[in-house]
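Source file: final.txt (compact mmCIF, N, CA and C atoms and all ligand atoms)
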```txt
# COMPACT_ATOMS: atom_id res chain seq x y z
N MET A 125 118.16 156.09 117.77
CA MET A 125 117.11 155.43 118.57
C MET A 125 115.85 155.23 117.71
N LEU A 126 115.32 154.04 117.74
CA LEU A 126 114.13 153.73 116.94
C LEU A 126 112.90 154.44 117.52
N ASP A 127 112.18 155.14 116.64
CA ASP A 127 110.92 155.78 117.05
C ASP A 127 109.80 154.76 116.83
N THR A 128 109.56 153.96 117.87
CA THR A 128 108.58 152.88 117.74
C THR A 128 107.18 153.44 117.50
N ASP A 129 106.90 154.59 118.11
CA ASP A 129 105.56 155.18 117.93
C ASP A 129 105.33 155.57 116.47
N ALA A 130 106.35 156.15 115.83
CA ALA A 130 106.19 156.57 114.43
C ALA A 130 105.98 155.35 113.53
N LEU A 131 106.70 154.28 113.82
CA LEU A 131 106.58 153.08 112.98
C LEU A 131 105.18 152.45 113.15
N LEU A 132 104.74 152.37 114.40
CA LEU A 132 103.39 151.82 114.65
C LEU A 132 102.31 152.71 114.06
N GLU A 133 102.50 154.01 114.16
CA GLU A 133 101.50 154.93 113.60
C GLU A 133 101.41 154.79 112.09
N ALA A 134 102.54 154.61 111.44
CA ALA A 134 102.53 154.41 109.98
C ALA A 134 101.78 153.12 109.62
N ALA A 135 101.97 152.10 110.42
CA ALA A 135 101.25 150.83 110.18
C ALA A 135 99.75 151.02 110.41
N ARG A 136 99.41 151.79 111.42
CA ARG A 136 97.97 152.04 111.70
C ARG A 136 97.33 152.82 110.55
N ALA A 137 98.04 153.83 110.06
CA ALA A 137 97.50 154.62 108.95
C ALA A 137 97.32 153.75 107.72
N ALA A 138 98.29 152.90 107.45
CA ALA A 138 98.20 152.01 106.28
C ALA A 138 97.03 151.04 106.43
N ARG A 139 96.83 150.56 107.63
CA ARG A 139 95.73 149.60 107.86
C ARG A 139 94.39 150.18 107.42
N GLY A 140 94.27 151.48 107.50
CA GLY A 140 93.03 152.14 107.09
C GLY A 140 92.72 151.97 105.61
N TYR A 141 93.71 151.60 104.82
CA TYR A 141 93.52 151.39 103.38
C TYR A 141 93.32 149.92 103.01
N ALA A 142 93.32 149.06 104.00
CA ALA A 142 93.24 147.62 103.71
C ALA A 142 92.05 147.30 102.82
N TYR A 143 92.31 146.45 101.84
CA TYR A 143 91.24 145.92 100.98
C TYR A 143 91.05 144.47 101.41
N ALA A 144 90.11 144.26 102.29
CA ALA A 144 89.93 142.93 102.89
C ALA A 144 88.44 142.56 102.95
N PRO A 145 87.78 142.55 101.78
CA PRO A 145 86.34 142.28 101.80
C PRO A 145 86.01 140.82 102.10
N TYR A 146 86.97 139.93 101.98
CA TYR A 146 86.71 138.49 102.17
C TYR A 146 86.95 138.07 103.61
N SER A 147 88.12 138.38 104.12
CA SER A 147 88.40 138.02 105.52
C SER A 147 87.84 139.06 106.49
N ARG A 148 87.67 140.27 106.02
CA ARG A 148 87.32 141.40 106.89
C ARG A 148 88.34 141.57 108.02
N PHE A 149 89.56 141.20 107.72
CA PHE A 149 90.63 141.28 108.70
C PHE A 149 91.69 142.25 108.15
N ALA A 150 91.64 143.48 108.61
CA ALA A 150 92.53 144.52 108.09
C ALA A 150 93.87 144.49 108.83
N VAL A 151 94.94 144.58 108.05
CA VAL A 151 96.29 144.58 108.61
C VAL A 151 97.07 145.74 108.01
N GLY A 152 97.88 146.35 108.82
CA GLY A 152 98.81 147.38 108.35
C GLY A 152 100.22 147.01 108.76
N ALA A 153 101.17 147.36 107.93
CA ALA A 153 102.57 147.07 108.25
C ALA A 153 103.42 148.28 107.89
N ALA A 154 104.53 148.43 108.59
CA ALA A 154 105.49 149.48 108.26
C ALA A 154 106.89 148.94 108.45
N LEU A 155 107.74 149.25 107.51
CA LEU A 155 109.14 148.80 107.53
C LEU A 155 110.03 150.02 107.55
N MET A 156 111.05 150.00 108.41
CA MET A 156 112.06 151.05 108.37
C MET A 156 113.24 150.57 107.56
N ASP A 157 113.77 151.45 106.70
CA ASP A 157 114.95 151.06 105.91
C ASP A 157 116.23 151.60 106.54
N GLU A 158 117.34 151.31 105.89
CA GLU A 158 118.66 151.66 106.44
C GLU A 158 118.90 153.17 106.47
N GLN A 159 118.05 153.91 105.77
CA GLN A 159 118.16 155.38 105.79
C GLN A 159 117.20 156.01 106.80
N GLY A 160 116.47 155.16 107.53
CA GLY A 160 115.51 155.67 108.50
C GLY A 160 114.17 156.02 107.90
N ARG A 161 113.99 155.68 106.65
CA ARG A 161 112.69 155.97 106.00
C ARG A 161 111.69 154.86 106.32
N ILE A 162 110.43 155.23 106.35
CA ILE A 162 109.35 154.28 106.67
C ILE A 162 108.54 154.00 105.41
N HIS A 163 108.29 152.72 105.18
CA HIS A 163 107.51 152.27 104.02
C HIS A 163 106.36 151.42 104.56
N ALA A 164 105.14 151.79 104.16
CA ALA A 164 103.97 151.14 104.75
C ALA A 164 103.21 150.33 103.72
N GLY A 165 102.37 149.44 104.22
CA GLY A 165 101.52 148.65 103.33
C GLY A 165 100.30 148.13 104.08
N CYS A 166 99.29 147.77 103.31
CA CYS A 166 98.08 147.15 103.87
C CYS A 166 97.83 145.85 103.11
N ASN A 167 97.02 144.98 103.67
CA ASN A 167 96.69 143.77 102.91
C ASN A 167 95.73 144.10 101.78
N VAL A 168 95.90 143.37 100.69
CA VAL A 168 95.11 143.58 99.46
C VAL A 168 94.61 142.21 99.02
N GLU A 169 93.36 141.93 99.33
CA GLU A 169 92.81 140.59 99.03
C GLU A 169 92.31 140.52 97.59
N ASN A 170 91.90 139.32 97.20
CA ASN A 170 91.49 139.07 95.82
C ASN A 170 90.38 138.04 95.81
N ALA A 171 89.46 138.16 94.85
CA ALA A 171 88.39 137.18 94.72
C ALA A 171 88.94 135.77 94.50
N ALA A 172 90.09 135.69 93.86
CA ALA A 172 90.83 134.42 93.80
C ALA A 172 91.69 134.39 95.07
N TYR A 173 91.16 133.83 96.12
CA TYR A 173 91.69 134.05 97.47
C TYR A 173 93.21 133.96 97.62
N PRO A 174 93.86 132.93 97.06
CA PRO A 174 95.32 132.82 97.32
C PRO A 174 96.14 133.94 96.70
N GLN A 175 95.52 134.73 95.85
CA GLN A 175 96.26 135.82 95.20
C GLN A 175 96.37 137.06 96.08
N GLY A 176 95.75 137.04 97.22
CA GLY A 176 95.81 138.21 98.10
C GLY A 176 97.23 138.48 98.58
N LEU A 177 97.46 139.74 98.91
CA LEU A 177 98.78 140.17 99.38
C LEU A 177 98.70 140.54 100.86
N CYS A 178 99.70 140.12 101.61
CA CYS A 178 99.80 140.56 103.00
C CYS A 178 100.32 141.99 103.08
N ALA A 179 99.99 142.64 104.16
CA ALA A 179 100.43 144.02 104.38
C ALA A 179 101.96 144.15 104.33
N GLU A 180 102.64 143.17 104.88
CA GLU A 180 104.11 143.24 104.92
C GLU A 180 104.69 143.17 103.51
N ALA A 181 104.07 142.36 102.65
CA ALA A 181 104.57 142.21 101.28
C ALA A 181 104.38 143.50 100.50
N VAL A 182 103.25 144.16 100.73
CA VAL A 182 103.00 145.44 100.06
C VAL A 182 104.01 146.49 100.54
N ALA A 183 104.26 146.51 101.84
CA ALA A 183 105.24 147.45 102.39
C ALA A 183 106.63 147.16 101.82
N LEU A 184 106.95 145.90 101.67
CA LEU A 184 108.27 145.53 101.14
C LEU A 184 108.43 146.02 99.70
N GLY A 185 107.38 145.90 98.91
CA GLY A 185 107.44 146.43 97.55
C GLY A 185 107.73 147.92 97.54
N HIS A 186 107.10 148.64 98.46
CA HIS A 186 107.35 150.08 98.54
C HIS A 186 108.80 150.35 98.92
N LEU A 187 109.33 149.59 99.86
CA LEU A 187 110.71 149.80 100.30
C LEU A 187 111.69 149.59 99.14
N VAL A 188 111.49 148.51 98.42
CA VAL A 188 112.42 148.20 97.32
C VAL A 188 112.30 149.24 96.21
N LEU A 189 111.07 149.63 95.91
CA LEU A 189 110.86 150.62 94.84
C LEU A 189 111.47 151.97 95.20
N ALA A 190 111.54 152.29 96.48
CA ALA A 190 112.13 153.55 96.93
C ALA A 190 113.65 153.47 97.03
N GLY A 191 114.22 152.33 96.70
CA GLY A 191 115.67 152.17 96.75
C GLY A 191 116.19 151.68 98.08
N GLY A 192 115.30 151.30 98.98
CA GLY A 192 115.74 150.74 100.26
C GLY A 192 116.44 149.40 100.04
N GLN A 193 117.44 149.15 100.88
CA GLN A 193 118.21 147.91 100.71
C GLN A 193 118.15 146.99 101.92
N ARG A 194 117.88 147.58 103.09
CA ARG A 194 117.81 146.77 104.31
C ARG A 194 116.59 147.17 105.12
N ILE A 195 116.05 146.20 105.84
CA ILE A 195 114.96 146.46 106.80
C ILE A 195 115.59 146.50 108.19
N THR A 196 115.36 147.60 108.91
CA THR A 196 115.97 147.74 110.24
C THR A 196 114.95 147.63 111.37
N ALA A 197 113.66 147.70 111.05
CA ALA A 197 112.61 147.51 112.05
C ALA A 197 111.29 147.29 111.32
N VAL A 198 110.40 146.58 112.00
CA VAL A 198 109.10 146.22 111.42
C VAL A 198 108.01 146.52 112.44
N ALA A 199 106.87 146.99 111.95
CA ALA A 199 105.66 147.08 112.79
C ALA A 199 104.50 146.45 112.04
N VAL A 200 103.72 145.67 112.75
CA VAL A 200 102.51 145.06 112.18
C VAL A 200 101.35 145.38 113.12
N VAL A 201 100.25 145.83 112.54
CA VAL A 201 99.09 146.24 113.34
C VAL A 201 97.83 145.54 112.86
N GLY A 202 97.12 144.95 113.79
CA GLY A 202 95.82 144.35 113.51
C GLY A 202 95.02 144.30 114.80
N GLU A 203 93.75 144.01 114.67
CA GLU A 203 92.88 143.97 115.84
C GLU A 203 92.44 142.53 116.11
N GLY A 204 92.23 142.21 117.37
CA GLY A 204 91.76 140.88 117.73
C GLY A 204 92.37 140.43 119.04
N ALA A 205 91.86 139.31 119.53
CA ALA A 205 92.35 138.81 120.82
C ALA A 205 93.80 138.33 120.71
N GLU A 206 94.12 137.72 119.57
CA GLU A 206 95.48 137.19 119.39
C GLU A 206 96.40 138.28 118.85
N LEU A 207 97.67 138.16 119.15
CA LEU A 207 98.66 139.06 118.56
C LEU A 207 98.69 138.85 117.06
N VAL A 208 98.70 139.94 116.29
CA VAL A 208 98.81 139.82 114.83
C VAL A 208 100.29 139.89 114.46
N THR A 209 100.90 138.73 114.52
CA THR A 209 102.31 138.59 114.16
C THR A 209 102.41 138.31 112.66
N PRO A 210 103.55 138.60 112.05
CA PRO A 210 103.69 138.32 110.61
C PRO A 210 103.53 136.82 110.32
N CYS A 211 102.86 136.52 109.23
CA CYS A 211 102.69 135.11 108.83
C CYS A 211 104.05 134.53 108.45
N GLY A 212 104.09 133.24 108.32
CA GLY A 212 105.36 132.57 108.02
C GLY A 212 106.01 133.06 106.74
N GLY A 213 105.19 133.21 105.70
CA GLY A 213 105.74 133.67 104.42
C GLY A 213 106.32 135.07 104.54
N CYS A 214 105.66 135.92 105.30
CA CYS A 214 106.17 137.29 105.45
C CYS A 214 107.43 137.32 106.31
N ARG A 215 107.52 136.44 107.27
CA ARG A 215 108.77 136.36 108.04
C ARG A 215 109.94 136.10 107.10
N GLN A 216 109.74 135.19 106.16
CA GLN A 216 110.81 134.88 105.21
C GLN A 216 111.06 136.06 104.26
N LYS A 217 110.02 136.73 103.84
CA LYS A 217 110.21 137.89 102.95
C LYS A 217 111.00 138.98 103.66
N ILE A 218 110.70 139.22 104.93
CA ILE A 218 111.42 140.22 105.71
C ILE A 218 112.88 139.79 105.88
N ARG A 219 113.06 138.53 106.15
CA ARG A 219 114.40 137.99 106.43
C ARG A 219 115.38 138.23 105.27
N GLU A 220 114.88 138.26 104.07
CA GLU A 220 115.73 138.49 102.90
C GLU A 220 116.52 139.79 103.03
N PHE A 221 115.93 140.77 103.71
CA PHE A 221 116.52 142.12 103.79
C PHE A 221 116.89 142.51 105.22
N ALA A 222 116.87 141.58 106.14
CA ALA A 222 117.03 141.95 107.55
C ALA A 222 117.90 140.94 108.29
N SER A 223 118.47 141.38 109.40
CA SER A 223 119.23 140.48 110.26
C SER A 223 118.33 139.99 111.40
N ASP A 224 118.83 138.95 112.06
CA ASP A 224 118.06 138.33 113.15
C ASP A 224 117.71 139.31 114.27
N GLU A 225 118.53 140.34 114.44
CA GLU A 225 118.41 141.22 115.61
C GLU A 225 117.33 142.29 115.47
N ILE A 226 116.82 142.51 114.30
CA ILE A 226 115.92 143.66 114.14
C ILE A 226 114.63 143.46 114.95
N PRO A 227 114.05 144.56 115.44
CA PRO A 227 112.80 144.44 116.19
C PRO A 227 111.58 144.29 115.28
N VAL A 228 110.67 143.46 115.73
CA VAL A 228 109.36 143.32 115.08
C VAL A 228 108.32 143.70 116.13
N LEU A 229 107.73 144.87 115.94
CA LEU A 229 106.73 145.38 116.88
C LEU A 229 105.36 144.91 116.44
N VAL A 230 104.58 144.46 117.39
CA VAL A 230 103.23 143.98 117.09
C VAL A 230 102.26 144.80 117.93
N GLY A 231 101.29 145.40 117.25
CA GLY A 231 100.38 146.26 117.98
C GLY A 231 98.97 146.23 117.44
N ASP A 232 98.13 146.99 118.12
CA ASP A 232 96.77 147.21 117.64
C ASP A 232 96.60 148.71 117.41
N MET A 233 95.37 149.17 117.24
CA MET A 233 95.16 150.57 116.90
C MET A 233 95.45 151.49 118.09
N GLN A 234 95.58 150.90 119.27
CA GLN A 234 95.83 151.72 120.46
C GLN A 234 97.27 151.67 120.94
N SER A 235 97.86 150.49 120.91
CA SER A 235 99.13 150.34 121.62
C SER A 235 100.02 149.28 120.99
N GLN A 236 101.26 149.28 121.45
CA GLN A 236 102.17 148.18 121.13
C GLN A 236 101.87 147.04 122.09
N ARG A 237 101.72 145.83 121.55
CA ARG A 237 101.36 144.70 122.42
C ARG A 237 102.51 143.75 122.66
N ALA A 238 103.47 143.73 121.74
CA ALA A 238 104.60 142.83 121.91
C ALA A 238 105.76 143.31 121.05
N ARG A 239 106.93 142.84 121.40
CA ARG A 239 108.13 143.15 120.64
C ARG A 239 108.97 141.88 120.57
N PHE A 240 109.27 141.45 119.37
CA PHE A 240 110.10 140.28 119.13
C PHE A 240 111.33 140.72 118.35
N THR A 241 112.32 139.83 118.25
CA THR A 241 113.33 139.99 117.21
C THR A 241 112.92 139.10 116.05
N LEU A 242 113.43 139.42 114.87
CA LEU A 242 113.13 138.56 113.73
C LEU A 242 113.65 137.14 113.97
N GLY A 243 114.80 137.04 114.63
CA GLY A 243 115.36 135.73 114.92
C GLY A 243 114.47 134.89 115.82
N GLU A 244 113.74 135.54 116.70
CA GLU A 244 112.80 134.80 117.55
C GLU A 244 111.64 134.27 116.72
N LEU A 245 111.22 135.05 115.75
CA LEU A 245 110.06 134.65 114.93
C LEU A 245 110.44 133.66 113.83
N LEU A 246 111.70 133.70 113.41
CA LEU A 246 112.14 132.82 112.32
C LEU A 246 113.54 132.30 112.64
N PRO A 247 113.62 131.36 113.59
CA PRO A 247 114.94 130.87 114.00
C PRO A 247 115.55 129.96 112.93
N ALA A 248 116.88 129.92 112.97
CA ALA A 248 117.64 129.01 112.07
C ALA A 248 117.17 129.14 110.62
N SER A 249 117.03 130.40 110.20
CA SER A 249 116.39 130.64 108.90
C SER A 249 117.34 130.42 107.72
N PHE A 250 116.75 130.20 106.60
CA PHE A 250 117.45 130.10 105.33
C PHE A 250 117.49 131.49 104.71
N GLY A 251 118.62 131.84 104.10
CA GLY A 251 118.72 133.17 103.52
C GLY A 251 119.69 133.24 102.38
N PRO A 252 119.93 134.46 101.89
CA PRO A 252 120.78 134.65 100.72
C PRO A 252 122.17 134.04 100.88
N GLY A 253 122.68 134.05 102.12
CA GLY A 253 124.01 133.52 102.37
C GLY A 253 124.14 132.04 102.01
N HIS A 254 123.05 131.32 102.10
CA HIS A 254 123.10 129.90 101.79
C HIS A 254 123.41 129.65 100.31
N LEU A 255 123.15 130.61 99.48
CA LEU A 255 123.30 130.41 98.03
C LEU A 255 124.68 130.79 97.54
N LYS A 256 125.53 131.31 98.45
CA LYS A 256 126.87 131.76 98.01
C LYS A 256 127.81 130.57 97.89
N1 LIG B 301 97.56 139.15 106.78
C1 LIG B 301 98.53 140.09 106.61
O1 LIG B 301 98.35 141.06 105.88
N2 LIG B 301 99.70 139.93 107.28
C2 LIG B 301 99.97 138.90 108.12
O2 LIG B 301 101.09 138.76 108.55
C3 LIG B 301 98.89 138.01 108.53
C4 LIG B 301 97.73 137.97 107.60
C5 LIG B 301 96.31 139.30 106.05
C6 LIG B 301 96.14 138.33 104.91
C7 LIG B 301 94.65 138.32 104.74
O3 LIG B 301 94.28 139.39 103.88
C8 LIG B 301 94.11 138.61 106.13
O4 LIG B 301 95.21 139.10 106.88
C9 LIG B 301 93.54 137.37 106.82
O5 LIG B 301 94.46 136.34 106.81
```
Translate this structure into structure tokens?
Amino acid sequence: MLDTDALLEAARAARGYAYAPYSRFAVGAALMDEQGRIHAGCNVENAAYPQGLCAEAVALGHLVLAGGQRITAVAVVGEGAELVTPCGGCRQKIREFASDEIPVLVGDMQSQRARFTLGELLPASFGPGHLK
């Protein structure tokens, strides 16, 4: 059974490290791997704006470096009126290591606000299978 609270809490803790002096929009993300381990990340912006990294991308780097091979659940945490869902590029980055069915939890510092599947967020996606 997925511990959604633990995944969201990891994303919240990571958000506390966000380096976002330009947007002032802090994001935290947490990815669960196939071994049940959690890998977290925060956004890391740059004075050369397009070089900034999303929280999900930083978390993905941690997962791969730890030997993780699959993403089984995702949590993204940010504050604001709108749901902080993964950006389009991050949906594709997650998709490389995940199936359509995995949950993507979206929350703020207090609560979970929504739950999607990756397939809902990135339907009819392109992936590694297309290259075989
Ligand atoms: N951001 C993320 O970290 N993840 C997302 O999925 C959405 C956007 C970051 C990028 C940038 O540092 C800030 O939020 C504002 O766009």
Do you have, as a Markdown table, the list of residues of chain A lying at most 8 Å from ligand LIG 301 (chain B), each with its nearest atom pair and that distance in Å to one decimal, counting all atoms listed in the file and ordered by chain then number?
```
| residue | atom | partner | partner_atom | distance |
| --- | --- | --- | --- | --- |
| A:Tyr143 | C | B:LIG301 | O3 | 6.5 |
| A:Ala144 | CA | B:LIG301 | O3 | 5.7 |
| A:Pro145 | N | B:LIG301 | O3 | 7.5 |
| A:Tyr146 | C | B:LIG301 | C9 | 7.4 |
| A:Ser147 | CA | B:LIG301 | C9 | 5.3 |
| A:Arg148 | N | B:LIG301 | C9 | 6.6 |
| A:Phe149 | C | B:LIG301 | C8 | 4.8 |
| A:Ala150 | C | B:LIG301 | O4 | 5.9 |
| A:Val151 | CA | B:LIG301 | O1 | 4.9 |
| A:Gly152 | N | B:LIG301 | O1 | 6.1 |
| A:Ala153 | N | B:LIG301 | O1 | 7.2 |
| A:Gly165 | C | B:LIG301 | O1 | 7.6 |
| A:Cys166 | C | B:LIG301 | O1 | 5.6 |
| A:Asn167 | CA | B:LIG301 | O1 | 4.3 |
| A:Val168 | N | B:LIG301 | O3 | 5.4 |
| A:Glu169 | CA | B:LIG301 | O3 | 5.2 |
| A:Asn170 | N | B:LIG301 | O3 | 7.1 |
| A:Gly176 | CA | B:LIG301 | O3 | 6.1 |
| A:Leu177 | C | B:LIG301 | O1 | 5.1 |
| A:Cys178 | CA | B:LIG301 | O1 | 3.3 |
| A:Ala179 | N | B:LIG301 | O1 | 2.9 |
| A:Glu180 | N | B:LIG301 | O1 | 4.9 |
| A:Ala181 | N | B:LIG301 | O1 | 6.7 |
| A:Val182 | N | B:LIG301 | O1 | 7.8 |
| A:Val200 | CA | B:LIG301 | O2 | 7.4 |
| A:Val201 | N | B:LIG301 | N2 | 7.9 |
| A:Val208 | C | B:LIG301 | O2 | 6.1 |
| A:Thr209 | C | B:LIG301 | O2 | 4.3 |
| A:Pro210 | CA | B:LIG301 | O2 | 3.3 |
| A:Cys211 | N | B:LIG301 | O2 | 2.9 |
| A:Gly212 | N | B:LIG301 | O2 | 6.3 |
| A:Gly213 | N | B:LIG301 | O2 | 7.5 |
| A:Cys214 | CA | B:LIG301 | O2 | 6.1 |
| A:Arg215 | N | B:LIG301 | O2 | 7.0 |
```
Work out where the centre of an axis-aligned box around every listed atom of range 178-196 of chain A lies and how long its edges are once 5 Å is added on each side; give both in Å to one decimal as lines of an AutoDock Vina configuration file.
```
center_x = 109.0
center_y = 146.8
center_z = 103.1
size_x = 28.5
size_y = 23.4
size_z = 26.5
```
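Distances here use only C-alpha atoms; by that measure, the residue among A:Gly243, A:Gly160, A:Gly204, A:Gly192 closest to Arg219 in chain A is A:Gly243.
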**OP:** List every residue of range 139-256 of chain A that DSSP, applied to the backbone of this structure, assigns to strand (DSSP E or B), and report them as a ChimeraX atom specification.
**Re:** /A:143,152-157,162-166,168,177,195-201,227-231,236-241
**OP:** Quick one: pick out all helix (DSSP H, G or I) residues within chain A from a backbone DSSP run and write them as a ChimeraX atom specification.
**Re:** /A:128-139,173-175,179-189,212-219,242-245,252-255
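Proximity ranking of A:His163, A:Arg239, A:Ala197, A:Leu207 relative to Gly185 in chain A places A:His163 first, based on only N, CA and C atoms.
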Original post:
Counting all atoms listed in the file, what is within 5 Å of Asp157 in chain A, bar same-chain residues fewer than 3 positions away, as a list in words?
Top reply: Gly160, Arg161, Arg194, Ile195 and Thr196 of chain A
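Minimum atom-to-atom distance to Val230 in chain A, evaluated using all atoms listed in the file, belongs to A:Ala199 out of A:Met156, A:Ala199, A:Gly251, A:Ala205.
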Subject >> d(atom N of Arg139 in chain A, atom C of Glu244 in chain A) in Å >> reply: 23.8 Å
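Taking CA of Met233 in chain A as the reference point, CA of Gln216 in chain A is found at 25.1 Å.
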Starting from the incomplete input, reconstruct N, CA, C and O atoms of range 219-239 of chain A and report them as a PDB file, keeping the file's coordinate frame.
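Once written, selection00.pdb looks like this:
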```pdb
ATOM      1  N   ARG A 219     113.060 138.530 106.150  1.00  0.00           N
ATOM      2  CA  ARG A 219     114.400 137.990 106.430  1.00  0.00           C
ATOM      3  C   ARG A 219     115.380 138.230 105.270  1.00  0.00           C
ATOM      4  O   ARG A 219     116.580 138.402 105.468  1.00  0.00           O
ATOM      5  N   GLU A 220     114.880 138.260 104.070  1.00  0.00           N
ATOM      6  CA  GLU A 220     115.730 138.490 102.900  1.00  0.00           C
ATOM      7  C   GLU A 220     116.520 139.790 103.030  1.00  0.00           C
ATOM      8  O   GLU A 220     117.640 139.888 102.536  1.00  0.00           O
ATOM      9  N   PHE A 221     115.930 140.770 103.710  1.00  0.00           N
ATOM     10  CA  PHE A 221     116.520 142.120 103.790  1.00  0.00           C
ATOM     11  C   PHE A 221     116.890 142.510 105.220  1.00  0.00           C
ATOM     12  O   PHE A 221     117.120 143.699 105.474  1.00  0.00           O
ATOM     13  N   ALA A 222     116.870 141.580 106.140  1.00  0.00           N
ATOM     14  CA  ALA A 222     117.030 141.950 107.550  1.00  0.00           C
ATOM     15  C   ALA A 222     117.900 140.940 108.290  1.00  0.00           C
ATOM     16  O   ALA A 222     118.011 139.782 107.877  1.00  0.00           O
ATOM     17  N   SER A 223     118.470 141.380 109.400  1.00  0.00           N
ATOM     18  CA  SER A 223     119.230 140.480 110.260  1.00  0.00           C
ATOM     19  C   SER A 223     118.330 139.990 111.400  1.00  0.00           C
ATOM     20  O   SER A 223     117.265 140.547 111.662  1.00  0.00           O
ATOM     21  N   ASP A 224     118.830 138.950 112.060  1.00  0.00           N
ATOM     22  CA  ASP A 224     118.060 138.330 113.150  1.00  0.00           C
ATOM     23  C   ASP A 224     117.710 139.310 114.270  1.00  0.00           C
ATOM     24  O   ASP A 224     116.730 139.105 114.991  1.00  0.00           O
ATOM     25  N   GLU A 225     118.530 140.340 114.440  1.00  0.00           N
ATOM     26  CA  GLU A 225     118.410 141.220 115.610  1.00  0.00           C
ATOM     27  C   GLU A 225     117.330 142.290 115.470  1.00  0.00           C
ATOM     28  O   GLU A 225     116.967 142.927 116.465  1.00  0.00           O
ATOM     29  N   ILE A 226     116.820 142.510 114.300  1.00  0.00           N
ATOM     30  CA  ILE A 226     115.920 143.660 114.140  1.00  0.00           C
ATOM     31  C   ILE A 226     114.630 143.460 114.950  1.00  0.00           C
ATOM     32  O   ILE A 226     114.134 142.335 115.096  1.00  0.00           O
ATOM     33  N   PRO A 227     114.050 144.560 115.440  1.00  0.00           N
ATOM     34  CA  PRO A 227     112.800 144.440 116.190  1.00  0.00           C
ATOM     35  C   PRO A 227     111.580 144.290 115.280  1.00  0.00           C
ATOM     36  O   PRO A 227     111.518 144.923 114.226  1.00  0.00           O
ATOM     37  N   VAL A 228     110.670 143.460 115.730  1.00  0.00           N
ATOM     38  CA  VAL A 228     109.360 143.320 115.080  1.00  0.00           C
ATOM     39  C   VAL A 228     108.320 143.700 116.130  1.00  0.00           C
ATOM     40  O   VAL A 228     108.089 142.955 117.086  1.00  0.00           O
ATOM     41  N   LEU A 229     107.730 144.870 115.940  1.00  0.00           N
ATOM     42  CA  LEU A 229     106.730 145.380 116.880  1.00  0.00           C
ATOM     43  C   LEU A 229     105.360 144.910 116.440  1.00  0.00           C
ATOM     44  O   LEU A 229     105.033 144.963 115.253  1.00  0.00           O
ATOM     45  N   VAL A 230     104.580 144.460 117.390  1.00  0.00           N
ATOM     46  CA  VAL A 230     103.230 143.980 117.090  1.00  0.00           C
ATOM     47  C   VAL A 230     102.260 144.800 117.930  1.00  0.00           C
ATOM     48  O   VAL A 230     102.416 144.892 119.157  1.00  0.00           O
ATOM     49  N   GLY A 231     101.290 145.400 117.250  1.00  0.00           N
ATOM     50  CA  GLY A 231     100.380 146.260 117.980  1.00  0.00           C
ATOM     51  C   GLY A 231      98.970 146.230 117.440  1.00  0.00           C
ATOM     52  O   GLY A 231      98.660 145.534 116.473  1.00  0.00           O
ATOM     53  N   ASP A 232      98.130 146.990 118.120  1.00  0.00           N
ATOM     54  CA  ASP A 232      96.770 147.210 117.640  1.00  0.00           C
ATOM     55  C   ASP A 232      96.600 148.710 117.410  1.00  0.00           C
ATOM     56  O   ASP A 232      97.583 149.457 117.413  1.00  0.00           O
ATOM     57  N   MET A 233      95.370 149.170 117.240  1.00  0.00           N
ATOM     58  CA  MET A 233      95.160 150.570 116.900  1.00  0.00           C
ATOM     59  C   MET A 233      95.450 151.490 118.090  1.00  0.00           C
ATOM     60  O   MET A 233      95.566 152.695 117.931  1.00  0.00           O
ATOM     61  N   GLN A 234      95.580 150.900 119.270  1.00  0.00           N
ATOM     62  CA  GLN A 234      95.830 151.720 120.460  1.00  0.00           C
ATOM     63  C   GLN A 234      97.270 151.670 120.940  1.00  0.00           C
ATOM     64  O   GLN A 234      97.824 152.676 121.364  1.00  0.00           O
ATOM     65  N   SER A 235      97.860 150.490 120.910  1.00  0.00           N
ATOM     66  CA  SER A 235      99.130 150.340 121.620  1.00  0.00           C
ATOM     67  C   SER A 235     100.020 149.280 120.990  1.00  0.00           C
ATOM     68  O   SER A 235      99.561 148.483 120.160  1.00  0.00           O
ATOM     69  N   GLN A 236     101.260 149.280 121.450  1.00  0.00           N
ATOM     70  CA  GLN A 236     102.170 148.180 121.130  1.00  0.00           C
ATOM     71  C   GLN A 236     101.870 147.040 122.090  1.00  0.00           C
ATOM     72  O   GLN A 236     101.782 147.251 123.299  1.00  0.00           O
ATOM     73  N   ARG A 237     101.720 145.830 121.550  1.00  0.00           N
ATOM     74  CA  ARG A 237     101.360 144.700 122.420  1.00  0.00           C
ATOM     75  C   ARG A 237     102.510 143.750 122.660  1.00  0.00           C
ATOM     76  O   ARG A 237     102.501 142.995 123.639  1.00  0.00           O
ATOM     77  N   ALA A 238     103.470 143.730 121.740  1.00  0.00           N
ATOM     78  CA  ALA A 238     104.600 142.830 121.910  1.00  0.00           C
ATOM     79  C   ALA A 238     105.760 143.310 121.050  1.00  0.00           C
ATOM     80  O   ALA A 238     105.586 144.115 120.125  1.00  0.00           O
ATOM     81  N   ARG A 239     106.930 142.840 121.400  1.00  0.00           N
ATOM     82  CA  ARG A 239     108.130 143.150 120.640  1.00  0.00           C
ATOM     83  C   ARG A 239     108.970 141.880 120.570  1.00  0.00           C
ATOM     84  O   ARG A 239     109.297 141.282 121.597  1.00  0.00           O
TER      85      ARG A 239
END
```
